[in-house]
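Have a look at data-v6.cif; it's mmCIF, C-alpha atoms and all ligand atoms:
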data_coords
#
loop_
_atom_site.label_atom_id
_atom_site.label_comp_id
_atom_site.auth_asym_id
_atom_site.auth_seq_id
_atom_site.Cartn_x
_atom_site.Cartn_y
_atom_site.Cartn_z
CA MET A 1307 -2.88 -1.99 -12.14
CA GLN A 1308 -2.03 -4.85 -14.44
CA ASP A 1309 0.10 -2.53 -16.56
CA TYR A 1310 2.05 -1.53 -13.53
CA THR A 1311 2.80 -5.13 -12.59
CA VAL A 1312 3.95 -5.96 -16.07
CA LEU A 1313 6.09 -2.84 -16.27
CA PHE A 1314 7.65 -3.60 -12.91
CA GLY A 1315 8.39 -7.12 -14.04
CA ILE A 1316 9.93 -5.85 -17.21
CA LEU A 1317 12.17 -3.40 -15.39
CA LEU A 1318 13.20 -6.08 -12.94
CA ALA A 1319 13.92 -8.46 -15.77
CA LEU A 1320 15.85 -5.79 -17.59
CA LEU A 1321 17.99 -5.04 -14.58
CA LEU A 1322 18.61 -8.73 -14.06
CA GLY A 1323 19.42 -8.96 -17.72
CA LEU A 1324 21.96 -6.16 -17.56
CA ALA A 1325 23.52 -7.54 -14.42
CA GLY A 1326 23.42 -10.90 -16.08
CA GLY A 1327 25.21 -9.54 -19.11
CA LYS A 1328 28.09 -8.37 -16.97
CA ALA A 1329 28.35 -11.55 -14.95
CA TRP A 1330 28.11 -13.52 -18.14
CA GLU A 1331 31.29 -12.01 -19.47
CA ARG A 1332 33.15 -13.02 -16.34
CA TYR A 1333 31.92 -16.58 -16.30
CA LYS A 1334 32.80 -17.06 -19.93
CA LEU A 1335 36.32 -15.88 -19.25
CA GLN A 1336 36.64 -18.34 -16.41
CA GLU A 1337 35.70 -21.19 -18.66
CA GLY A 1338 37.71 -19.75 -21.52
CA ARG A 1339 34.91 -19.84 -24.08
CA TRP A 1340 35.35 -16.60 -25.96
CA VAL A 1341 33.74 -17.72 -29.18
CA ASP A 1342 30.27 -18.37 -27.81
CA ARG A 1343 30.13 -15.03 -26.08
CA ARG A 1344 30.98 -13.19 -29.27
CA LYS A 1345 28.43 -15.22 -31.14
CA ILE A 1346 25.66 -14.08 -28.84
CA ARG A 1347 26.87 -10.50 -28.87
CA GLN A 1348 26.96 -10.48 -32.64
CA SER A 1349 23.52 -12.02 -32.86
CA PRO A 1350 20.89 -9.28 -33.05
CA HIS A 1351 18.45 -11.21 -30.89
CA PHE A 1352 19.86 -10.23 -27.51
CA ILE A 1353 19.66 -6.50 -28.23
CA LEU A 1354 16.35 -6.88 -30.05
CA GLY A 1355 14.97 -8.72 -27.05
CA LEU A 1356 16.08 -5.94 -24.70
CA ASN A 1357 14.55 -3.33 -27.01
CA HIS A 1358 11.24 -5.17 -26.96
CA LEU A 1359 11.39 -5.31 -23.19
CA VAL A 1360 11.94 -1.57 -22.98
CA SER A 1361 8.96 -0.91 -25.23
CA GLY A 1362 6.81 -3.28 -23.19
CA GLN A 1363 6.37 -6.00 -25.83
CA VAL A 1364 6.95 -9.01 -23.64
CA ASP A 1365 5.97 -11.65 -26.21
CA LEU A 1366 8.40 -10.35 -28.81
CA ALA A 1367 11.10 -10.00 -26.14
CA ILE A 1368 10.66 -13.64 -25.14
CA GLU A 1369 10.86 -14.72 -28.76
CA ASP A 1370 14.18 -12.93 -29.37
CA LEU A 1371 15.72 -13.79 -26.03
CA GLU A 1372 14.87 -17.44 -26.60
CA LYS A 1373 16.70 -17.27 -29.92
CA ALA A 1374 19.67 -15.60 -28.23
CA ALA A 1375 19.69 -18.25 -25.50
CA ARG A 1376 19.75 -21.04 -28.08
CA LEU A 1377 23.10 -19.73 -29.36
CA ASP A 1378 24.64 -20.50 -25.99
CA PRO A 1379 22.73 -23.10 -24.02
CA GLY A 1380 25.09 -22.45 -21.12
CA ALA A 1381 23.98 -18.85 -20.63
CA LEU A 1382 22.52 -19.09 -17.16
CA GLU A 1383 21.41 -15.49 -16.62
CA LEU A 1384 19.54 -15.31 -19.89
CA ARG A 1385 17.52 -18.40 -18.97
CA LEU A 1386 16.86 -16.88 -15.53
CA VAL A 1387 15.46 -13.76 -17.17
CA LEU A 1388 13.38 -15.84 -19.57
CA GLY A 1389 11.90 -17.73 -16.64
CA ASN A 1390 11.03 -14.41 -14.99
CA LEU A 1391 9.34 -13.22 -18.16
CA TYR A 1392 7.24 -16.40 -18.31
CA ARG A 1393 6.17 -15.72 -14.74
CA GLU A 1394 5.28 -12.12 -15.50
CA LYS A 1395 3.13 -13.34 -18.35
CA GLY A 1396 1.32 -15.61 -15.91
CA GLN A 1397 2.90 -18.86 -17.15
CA VAL A 1398 3.94 -19.87 -13.67
CA GLY A 1399 4.33 -23.58 -14.40
CA ARG A 1400 6.67 -22.86 -17.27
CA ALA A 1401 8.68 -20.41 -15.14
CA ILE A 1402 9.06 -22.99 -12.37
CA HIS A 1403 10.15 -25.62 -14.87
CA GLU A 1404 12.69 -23.27 -16.42
CA HIS A 1405 14.18 -22.26 -13.09
CA GLN A 1406 14.16 -25.77 -11.63
CA SER A 1407 16.08 -27.08 -14.62
CA LEU A 1408 18.77 -24.46 -13.96
CA LEU A 1409 19.25 -25.90 -10.48
CA GLN A 1410 20.36 -29.19 -12.08
CA ARG A 1411 23.39 -27.58 -13.68
CA PRO A 1412 26.79 -28.68 -12.41
CA ARG A 1413 29.32 -26.26 -10.92
CA LEU A 1414 26.84 -23.56 -9.88
CA SER A 1415 28.46 -20.86 -7.79
CA LYS A 1416 26.86 -19.95 -4.47
CA LEU A 1417 25.59 -16.68 -5.88
CA GLU A 1418 24.11 -18.36 -8.96
CA HIS A 1419 22.42 -20.90 -6.76
CA ALA A 1420 20.95 -18.13 -4.61
CA ASN A 1421 19.74 -16.20 -7.65
CA ILE A 1422 17.96 -19.24 -9.05
CA GLN A 1423 16.30 -19.99 -5.71
CA LEU A 1424 15.16 -16.38 -5.47
CA CYS A 1425 13.52 -16.58 -8.90
CA LEU A 1426 11.92 -19.90 -7.95
CA GLY A 1427 10.59 -18.34 -4.76
CA LEU A 1428 9.00 -15.56 -6.81
CA ASP A 1429 7.46 -18.18 -9.13
CA TYR A 1430 5.99 -20.10 -6.20
CA ARG A 1431 4.70 -16.95 -4.60
CA ARG A 1432 3.05 -15.88 -7.82
CA GLY A 1433 1.50 -19.34 -8.17
CA GLY A 1434 0.19 -19.26 -4.61
CA PHE A 1435 2.45 -22.09 -3.36
CA VAL A 1436 3.12 -20.37 -0.08
CA ASP A 1437 5.09 -23.06 1.72
CA ARG A 1438 7.36 -23.76 -1.22
CA ALA A 1439 7.93 -20.04 -1.71
CA ALA A 1440 8.88 -19.62 1.94
CA ALA A 1441 11.24 -22.59 1.68
CA ALA A 1442 12.87 -21.13 -1.43
CA PHE A 1443 13.46 -17.74 0.22
CA ALA A 1444 14.83 -19.49 3.31
CA GLU A 1445 17.22 -21.38 1.03
CA VAL A 1446 18.38 -18.09 -0.52
CA LEU A 1447 19.05 -16.71 2.94
CA LYS A 1448 21.08 -19.79 3.81
CA LEU A 1449 23.27 -19.16 0.77
CA ASP A 1450 23.29 -15.38 1.16
CA PRO A 1451 22.16 -14.15 4.60
CA ASN A 1452 22.23 -10.54 3.36
CA SER A 1453 19.81 -11.01 0.50
CA GLU A 1454 17.43 -8.08 0.88
CA ALA A 1455 15.25 -9.35 -1.96
CA ALA A 1456 14.71 -12.67 -0.18
CA LEU A 1457 13.95 -10.96 3.13
CA ALA A 1458 11.53 -8.49 1.58
CA ASN A 1459 9.66 -11.27 -0.21
CA LEU A 1460 9.63 -13.45 2.88
CA GLU A 1461 8.15 -10.57 4.84
CA LYS A 1462 5.34 -10.10 2.33
CA LEU A 1463 4.60 -13.84 2.46
CA GLN A 1464 4.42 -13.74 6.23
CA GLU A 1465 2.18 -10.67 6.13
CA ASP A 1466 -0.12 -12.42 3.65
CA GLN A 1467 -0.42 -15.27 6.17
CA HIS A 1468 -0.97 -12.80 9.03
CA GLN A 1469 2.18 -14.15 10.71
CA TRP A 1470 2.83 -10.69 12.11
CA GLN A 1471 5.42 -11.74 14.67
CA GLU A 1472 7.50 -13.55 12.04
CA ALA A 1473 7.13 -10.65 9.63
CA TYR A 1474 8.33 -8.35 12.40
CA VAL A 1475 11.53 -10.35 12.88
CA THR A 1476 12.13 -10.40 9.13
CA ARG A 1477 11.63 -6.63 8.88
CA GLN A 1478 14.08 -6.12 11.74
CA ARG A 1479 16.72 -8.02 9.80
CA LEU A 1480 15.97 -5.88 6.75
CA ALA A 1481 16.21 -2.69 8.79
CA GLN A 1482 19.62 -3.72 10.08
CA LEU A 1483 20.85 -4.47 6.57
CA ALA A 1484 19.42 -1.35 4.98
CA GLY A 1485 21.13 1.05 7.36
CA PRO A 1486 20.33 4.69 8.07
CA PRO A 1487 18.87 6.04 4.79
CA ASP A 1488 16.08 3.45 4.72
CA GLN A 1489 15.64 3.24 8.47
CA PRO A 1490 12.62 5.57 8.75
CA LYS A 1491 10.67 3.46 6.26
CA SER A 1492 11.52 0.30 8.18
CA GLN A 1493 10.57 2.00 11.44
CA SER A 1494 7.18 2.83 10.01
CA ILE A 1495 6.66 -0.74 8.78
CA LEU A 1496 7.77 -2.13 12.14
CA ALA A 1497 5.20 0.15 13.77
CA PHE A 1498 2.44 -1.21 11.54
CA LEU A 1499 3.47 -4.78 12.28
CA GLU A 1500 3.58 -4.00 16.00
CA ASN A 1501 0.06 -2.59 15.62
CA GLU A 1502 -1.13 -5.82 13.96
CA ILE A 1503 0.33 -7.90 16.79
CA GLY A 1504 -1.53 -5.62 19.21
CA LEU A 1505 -4.77 -6.16 17.29
CA GLN A 1506 -4.35 -9.91 17.62
CA ALA A 1507 -3.94 -9.51 21.37
CA LEU A 1508 -6.99 -7.24 21.47
CA LYS A 1509 -9.06 -9.83 19.60
CA GLU A 1510 -8.07 -12.43 22.17
CA GLY A 1511 -9.00 -10.10 25.00
CA ARG A 1512 -5.42 -9.64 26.28
CA LEU A 1513 -5.84 -5.95 26.94
CA ASP A 1514 -2.54 -5.27 28.72
CA ASP A 1515 -0.57 -7.03 25.99
CA ALA A 1516 -2.47 -5.13 23.34
CA ALA A 1517 -1.82 -1.78 25.03
CA ARG A 1518 1.90 -2.54 25.26
CA ARG A 1519 2.02 -3.35 21.56
CA PHE A 1520 0.16 -0.21 20.52
CA GLU A 1521 2.44 1.88 22.71
CA ALA A 1522 5.49 0.24 21.14
CA ALA A 1523 4.07 1.01 17.70
CA ILE A 1524 3.69 4.67 18.64
CA GLU A 1525 7.21 4.65 20.04
CA ALA A 1526 8.54 3.32 16.73
CA ASP A 1527 6.58 5.79 14.63
CA GLY A 1528 4.89 8.68 16.37
CA THR A 1529 2.57 9.33 13.44
CA ILE A 1530 0.87 5.93 13.34
CA VAL A 1531 -2.75 7.00 13.75
CA THR A 1532 -4.23 3.51 13.80
CA ALA A 1533 -2.20 2.55 16.88
CA PHE A 1534 -3.46 5.65 18.72
CA ILE A 1535 -7.05 4.74 17.83
CA HIS A 1536 -6.68 1.18 19.07
CA LEU A 1537 -4.80 2.19 22.20
CA GLY A 1538 -7.71 4.53 23.00
CA GLU A 1539 -10.11 1.62 22.55
CA VAL A 1540 -8.12 -0.50 24.99
CA ARG A 1541 -8.19 2.34 27.53
CA MET A 1542 -11.96 2.60 27.05
CA ARG A 1543 -12.39 -1.14 27.63
CA GLN A 1544 -10.22 -0.84 30.71
CA GLY A 1545 -12.69 1.77 31.95
CA ASP A 1546 -10.23 4.67 31.73
CA VAL A 1547 -12.20 7.27 29.77
CA LEU A 1548 -9.75 10.08 30.45
CA ALA A 1549 -6.80 8.09 29.09
CA ALA A 1550 -8.87 7.10 26.04
CA VAL A 1551 -9.76 10.70 25.33
CA SER A 1552 -6.21 11.95 25.68
CA THR A 1553 -4.97 9.16 23.38
CA TRP A 1554 -7.51 10.02 20.69
CA GLU A 1555 -6.76 13.72 21.03
CA ARG A 1556 -3.08 12.93 20.51
CA ALA A 1557 -4.04 11.04 17.34
CA ILE A 1558 -5.63 14.22 16.02
CA ASP A 1559 -2.58 16.27 16.98
CA VAL A 1560 -0.15 14.03 15.10
CA ALA A 1561 -2.35 13.63 12.01
CA PRO A 1562 -5.09 16.26 11.76
CA ASP A 1563 -5.97 15.08 8.25
CA ARG A 1564 -7.01 11.72 9.70
CA ALA A 1565 -8.87 13.31 12.61
CA TYR A 1566 -12.17 11.80 11.50
CA LEU A 1567 -10.99 8.37 12.66
CA ALA A 1568 -11.17 9.61 16.23
CA LEU A 1569 -14.19 11.91 15.98
CA ASP A 1570 -17.08 9.48 16.62
CA ARG A 1571 -15.16 7.89 19.46
CA LEU A 1572 -14.38 11.23 21.04
CA GLU A 1573 -18.00 12.35 20.72
CA ARG A 1574 -19.18 9.32 22.72
CA ALA A 1575 -16.39 9.68 25.25
CA TYR A 1576 -17.05 13.41 25.85
CA LYS A 1577 -20.71 12.55 26.39
CA GLU A 1578 -19.68 9.96 28.95
CA MET A 1579 -17.54 12.60 30.65
CA GLN A 1580 -20.56 14.94 30.72
CA ALA A 1581 -18.61 17.38 28.58
CA PRO A 1582 -20.39 17.37 25.18
CA GLY A 1583 -19.35 21.00 24.57
CA ARG A 1584 -15.78 19.84 24.02
CA PHE A 1585 -16.83 18.01 20.89
CA ALA A 1586 -18.21 21.10 19.14
CA GLU A 1587 -15.08 22.98 20.19
CA LEU A 1588 -12.82 20.32 18.74
CA CYS A 1589 -14.71 20.25 15.43
CA ARG A 1590 -14.61 24.02 15.08
CA ARG A 1591 -10.88 23.98 15.74
CA LEU A 1592 -10.36 21.39 13.02
CA ILE A 1593 -12.48 23.32 10.53
CA ALA A 1594 -10.61 26.54 11.23
CA ALA A 1595 -7.24 24.81 10.81
CA SER A 1596 -8.15 23.21 7.50
CA PRO A 1597 -10.94 24.93 5.59
CA ARG A 1598 -11.44 21.95 3.30
CA GLU A 1599 -12.00 19.56 6.18
CA TRP A 1600 -15.44 18.05 5.50
CA ARG A 1601 -15.63 15.21 7.98
CA ALA A 1602 -15.36 17.55 10.95
CA ARG A 1603 -18.20 19.59 9.43
CA LEU A 1604 -20.26 16.44 8.94
CA ALA A 1605 -19.59 15.27 12.50
CA LEU A 1606 -20.44 18.67 13.95
CA ALA A 1607 -23.58 18.91 11.79
CA ARG A 1608 -24.82 15.57 13.11
CA HIS A 1609 -24.00 16.71 16.61
CA LEU A 1610 -25.96 19.95 16.14
CA GLY A 1611 -28.82 18.08 14.47
CA GLU A 1612 -29.18 15.89 17.53
CA GLN A 1613 -29.34 19.03 19.66
CA GLY A 1614 -32.27 20.31 17.59
CA ARG A 1615 -30.32 22.84 15.53
CA PRO A 1616 -30.98 21.75 11.92
CA HIS A 1617 -30.38 25.21 10.39
CA ASP A 1618 -26.86 25.43 11.78
CA ALA A 1619 -26.27 21.84 10.74
CA LEU A 1620 -27.38 22.50 7.18
CA GLU A 1621 -25.11 25.55 6.82
CA LEU A 1622 -22.13 23.44 7.81
CA LEU A 1623 -23.11 20.63 5.45
CA LEU A 1624 -23.50 22.96 2.46
CA GLU A 1625 -20.08 24.41 3.21
CA GLY A 1626 -18.62 20.92 3.37
CA LEU A 1627 -20.31 19.98 0.11
CA GLU A 1628 -18.70 22.86 -1.76
CA HIS A 1629 -15.29 21.50 -0.91
CA ASN A 1630 -16.10 17.81 -1.30
CA PRO A 1631 -18.99 17.18 -3.68
CA HIS A 1632 -18.03 13.51 -3.95
CA ALA A 1633 -18.78 12.72 -0.33
CA LEU A 1634 -22.01 10.75 -0.41
CA ALA A 1635 -22.27 10.95 3.38
CA ILE A 1636 -22.72 14.74 3.16
CA HIS A 1637 -25.54 14.38 0.63
CA GLN A 1638 -27.27 11.87 2.87
CA ALA A 1639 -26.89 14.12 5.90
CA ILE A 1640 -28.25 17.07 3.93
CA TRP A 1641 -31.37 15.15 2.88
CA ASN A 1642 -31.87 13.95 6.42
CA THR A 1643 -31.64 17.50 7.70
CA LEU A 1644 -33.87 18.89 4.96
CA SER A 1645 -36.53 16.30 5.66
CA VAL A 1646 -36.41 17.07 9.38
CA MET A 1647 -37.11 20.68 8.35
CA ASP A 1648 -39.96 19.60 6.01
CA LEU A 1649 -38.08 20.43 2.81
CA PRO A 1650 -38.14 24.24 2.77
CA ARG A 1651 -38.01 25.25 -0.92
CA PRO A 1652 -35.27 27.94 -0.74
CA LEU A 1653 -32.90 25.56 1.04
CA VAL A 1654 -33.60 22.71 -1.36
CA ALA A 1655 -32.87 25.12 -4.21
CA ARG A 1656 -29.56 26.06 -2.61
CA TYR A 1657 -28.57 22.43 -2.31
CA ILE A 1658 -29.35 21.86 -5.98
CA GLU A 1659 -27.31 24.92 -6.94
CA VAL A 1660 -24.27 23.72 -4.99
CA THR A 1661 -24.39 20.22 -6.46
CA ARG A 1662 -25.10 21.36 -10.01
CA GLN A 1663 -21.52 22.34 -10.83
CA SER A 1664 -19.90 19.58 -8.88
CA VAL A 1665 -17.83 16.73 -10.19
CA PHE A 1666 -18.75 13.47 -8.53
CA TYR A 1667 -16.36 10.79 -7.61
CA LEU A 1668 -16.41 7.27 -6.22
CA ASP A 1669 -13.71 5.40 -4.33
CA PRO A 1670 -12.01 8.46 -2.88
CA HIS A 1671 -9.00 6.58 -1.46
CA VAL A 1672 -6.18 5.67 -3.76
CA CYS A 1673 -2.84 3.91 -3.26
CA VAL A 1674 -0.06 6.29 -4.29
CA ARG A 1675 2.14 3.38 -5.25
CA CYS A 1676 -0.09 1.28 -7.51
CA ARG A 1677 -3.25 3.45 -7.89
CA TYR A 1678 -5.46 0.80 -6.30
CA ARG A 1679 -8.77 2.38 -5.29
CA SER A 1680 -10.77 1.79 -2.17
CA THR A 1681 -13.89 3.31 -0.64
CA GLU A 1682 -12.34 3.15 2.81
CA LEU A 1683 -8.95 4.06 4.16
CA LEU A 1684 -6.66 1.01 4.20
CA TRP A 1685 -3.37 0.77 6.06
CA GLN A 1686 -1.92 -1.95 3.83
CA CYS A 1687 -2.65 -2.01 0.12
CA PRO A 1688 -4.31 -5.29 -0.90
CA HIS A 1689 -2.82 -4.98 -4.35
CA CYS A 1690 0.84 -3.97 -3.95
CA HIS A 1691 0.99 -4.87 -0.21
CA GLU A 1692 2.79 -1.63 0.75
CA TRP A 1693 2.06 -0.02 4.09
CA ASN A 1694 0.48 3.39 4.54
CA THR A 1695 0.20 4.34 0.87
CA PHE A 1696 -3.44 5.50 0.74
CA VAL A 1697 -4.37 9.12 0.27
CA GLU A 1698 -7.73 10.69 -0.23
CA GLU A 1699 -8.41 12.16 -3.63
CA ARG A 1700 -10.17 15.44 -3.29
CA ILE A 1701 -12.25 16.74 -6.12
CA SER A 1702 -13.39 20.32 -6.14
CA PRO A 1703 -16.07 21.78 -8.37
CA ALA A 1704 -14.55 22.31 -11.80
CA THR A 1705 -13.13 25.75 -12.51
CA ASP A 1706 -14.13 27.56 -15.71
CA GLN A 1707 -10.94 26.50 -17.42
CA GLU A 1708 -11.37 22.85 -16.53
CA ALA A 1709 -15.05 22.94 -17.44
CA GLU A 1710 -14.13 23.61 -21.06
CA ILE A 1711 -12.64 20.13 -21.34
CA PRO A 1712 -15.64 18.01 -22.25
CA ALA A 1713 -16.41 15.41 -19.59
CA ALA A 1714 -12.78 14.58 -18.93
CA VAL A 1715 -13.59 12.68 -15.79
CA THR A 1716 -11.68 9.44 -15.52
ZN ZN A 1801 -0.94 -0.37 -3.75
#
Can I see the file as structure tokens?
Ligand SMILES: [Zn+2]
Amino acid sequence: MQDYTVLFGILLALLLGLAGGKAWERYKLQEGRWVDRRKIRQSPHFILGLNHLVSGQVDLAIEDLEKAARLDPGALELRLVLGNLYREKGQVGRAIHEHQSLLQRPRLSKLEHANIQLCLGLDYRRGGFVDRAAAAFAEVLKLDPNSEAALANLEKLQEDQHQWQEAYVTRQRLAQLAGPPDQPKSQSILAFLENEIGLQALKEGRLDDAARRFEAAIEADGTIVTAFIHLGEVRMRQGDVLAAVSTWERAIDVAPDRAYLALDRLERAYKEMQAPGRFAELCRRLIAASPREWRARLALARHLGEQGRPHDALELLLEGLEHNPHALAIHQAIWNTLSVMDLPRPLVARYIEVTRQSVFYLDPHVCVRCRYRSTELLWQCPHCHEWNTFVEERISPATDQEAEIPAAVT
């Protein structure tokens, strides 16, 4: 995770550096100082510094870029990049000092001013100075209302503070700027923010408000499972079981792989409707549609167990285990079922045989963006703060070929 952050910082710095290099040329021409520019170009330190950056050696890069910067104390972009590198190394105070001193320079163009404020905002955010970071990004937006970087960072700050409404407005501005190619991503984020606003309303007991928000979230992104789940809960609390059930069933239709989020709720609701048979039907449908689906098997097994059918339950659980040996919940359910049946030896032996060849795994959910791991499904990654980036890692029993690699489980 740390590596990723550093690498990202390096790439960002590199891009800034390259952009800086270009701008640099122009500014020098304006001031008519050709000699200095050549001096830096002829000095090996600038290129050496970039090379170190590319190979991930931040300390060496800083060393060389500092030497290059000393050749021309006026080189604004180089000092900006250096400040960013200090920040990426965790020296936030030094980064702030570096960037603040750039603000003191006379004759800054509007764009330069905005760039410095943006870097300062990133420093503050990294250092946890939320208010100052927000003020810095607001300052950037005053200078350059179309700064996507400032808006994106402001949004993340607002999300960190759970200021969902403010984050929503910021994301709307971003969506307008980004235009069609990025619109679906913005729509999805807007839906998640809408969902969070709904959750706040739900917490405060404003059921109608909450329902409106969840519906708006679904309108913005028809695949947002969490909004369906919460909307169903509101309907339940409003005493409308039928509406709750149809909402949760829709959740399963739009995202069958996340069906398990609705299963327990549907089981209770069907019971309340005096139609428990519908639950078994639903589970069997899910299993047939996706043979690797283990949560539907687990849910159905529990359901059958409660109806006094432990043998049928155990068959389902052993099937589920073959596909998902890492799922601790299946193991627990199997032992529960076996102990209800007084531990019949042949069945215990079968369980041991199925588990014997299995590869076990913890933390089955992983963020596809930053590889952050979590035992539960999260809608926003606590590490990289992206929305809807978690997938479930599925581990099957090793095949013969894989089994030859000695213990290559990471
Ligand atoms: Zn992440």
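For Glu1472 (chain A), the set of protein, DNA and RNA residues having any atom at most 12 Å away, when counting all atoms listed in the file and skipping those fewer than 5 positions along the same chain, is A:Ala1440, A:Leu1457, A:Leu1460, A:Glu1461, A:Lys1462, A:Leu1463, A:Gln1464, A:Glu1465, A:Asp1466, A:Gln1467, A:Arg1477, A:Gln1478, A:Arg1479, A:Leu1496, A:Leu1499, A:Glu1500, A:Glu1502, A:Ile1503.
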- Query: Which protein, DNA or RNA residues have an atom within 6 Å of ligand ZN 1801 (chain A), counting all atoms listed in the file, as a ChimeraX atom specification?
  - Reply: /A:1673,1675-1676,1678,1687,1689-1690,1692
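Here the question is which of A:Glu1394, A:Glu1555, A:Asp1365, A:Glu1587 gets nearest to Ile1535 (chain A) using all atoms listed in the file, and that residue is A:Glu1555.
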- Query: If we count all atoms listed in the file, what is near Ala1602 (chain A) at a cut-off of 7 Å, once residues fewer than 3 positions away on the same chain are taken out, given as a PyMOL selection string?
  - Reply: chain A and resi 1566+1589+1592-1593+1599+1605-1606
- Query: Can you tell me, as a PyMOL selection string, what residues are no more than 12 Å from Lys1373 (chain A) when counting all atoms listed in the file, ignoring any on the same chain fewer than 3 positions away?
  - Reply: chain A and resi 1345-1346+1349-1355+1366-1370+1376-1379+1381+1384-1385+1388
- Could you give me, as a VMD selection string, the residues that have an atom at most 8 Å away from the point (-4.5, 20.8, 7.0) in the coordinates of the file, using only C-alpha atoms? chain A and resid 1562 to 1563 1595 to 1599
Please rebuild region 1423-1435 of chain A with N, CA and C atoms and return the result as a PDB file, keeping the file's coordinate frame.
ATOM      1  N   GLN A1423      17.288 -19.736  -6.764  1.00  0.00           N
ATOM      2  CA  GLN A1423      16.300 -19.990  -5.710  1.00  0.00           C
ATOM      3  C   GLN A1423      15.383 -18.785  -5.509  1.00  0.00           C
ATOM      4  N   LEU A1424      15.966 -17.597  -5.630  1.00  0.00           N
ATOM      5  CA  LEU A1424      15.160 -16.380  -5.470  1.00  0.00           C
ATOM      6  C   LEU A1424      14.075 -16.326  -6.547  1.00  0.00           C
ATOM      7  N   CYS A1425      14.486 -16.591  -7.795  1.00  0.00           N
ATOM      8  CA  CYS A1425      13.520 -16.580  -8.900  1.00  0.00           C
ATOM      9  C   CYS A1425      12.457 -17.651  -8.686  1.00  0.00           C
ATOM     10  N   LEU A1426      12.877 -18.816  -8.218  1.00  0.00           N
ATOM     11  CA  LEU A1426      11.920 -19.900  -7.950  1.00  0.00           C
ATOM     12  C   LEU A1426      10.927 -19.475  -6.858  1.00  0.00           C
ATOM     13  N   GLY A1427      11.463 -18.822  -5.833  1.00  0.00           N
ATOM     14  CA  GLY A1427      10.590 -18.340  -4.760  1.00  0.00           C
ATOM     15  C   GLY A1427       9.534 -17.397  -5.308  1.00  0.00           C
ATOM     16  N   LEU A1428       9.955 -16.506  -6.205  1.00  0.00           N
ATOM     17  CA  LEU A1428       9.000 -15.560  -6.810  1.00  0.00           C
ATOM     18  C   LEU A1428       7.965 -16.316  -7.639  1.00  0.00           C
ATOM     19  N   ASP A1429       8.413 -17.360  -8.353  1.00  0.00           N
ATOM     20  CA  ASP A1429       7.460 -18.180  -9.130  1.00  0.00           C
ATOM     21  C   ASP A1429       6.419 -18.798  -8.198  1.00  0.00           C
ATOM     22  N   TYR A1430       6.901 -19.428  -7.128  1.00  0.00           N
ATOM     23  CA  TYR A1430       5.990 -20.100  -6.200  1.00  0.00           C
ATOM     24  C   TYR A1430       5.014 -19.104  -5.590  1.00  0.00           C
ATOM     25  N   ARG A1431       5.562 -17.948  -5.226  1.00  0.00           N
ATOM     26  CA  ARG A1431       4.700 -16.950  -4.600  1.00  0.00           C
ATOM     27  C   ARG A1431       3.604 -16.524  -5.574  1.00  0.00           C
ATOM     28  N   ARG A1432       4.016 -16.286  -6.797  1.00  0.00           N
ATOM     29  CA  ARG A1432       3.050 -15.880  -7.820  1.00  0.00           C
ATOM     30  C   ARG A1432       1.989 -16.964  -8.032  1.00  0.00           C
ATOM     31  N   GLY A1433       2.428 -18.239  -7.963  1.00  0.00           N
ATOM     32  CA  GLY A1433       1.500 -19.340  -8.170  1.00  0.00           C
ATOM     33  C   GLY A1433       0.682 -19.687  -6.936  1.00  0.00           C
ATOM     34  N   GLY A1434       0.956 -19.009  -5.827  1.00  0.00           N
ATOM     35  CA  GLY A1434       0.190 -19.260  -4.610  1.00  0.00           C
ATOM     36  C   GLY A1434       0.692 -20.462  -3.809  1.00  0.00           C
ATOM     37  N   PHE A1435       1.886 -20.969  -4.128  1.00  0.00           N
ATOM     38  CA  PHE A1435       2.450 -22.090  -3.360  1.00  0.00           C
ATOM     39  C   PHE A1435       3.253 -21.514  -2.199  1.00  0.00           C
TER      40      PHE A1435
END
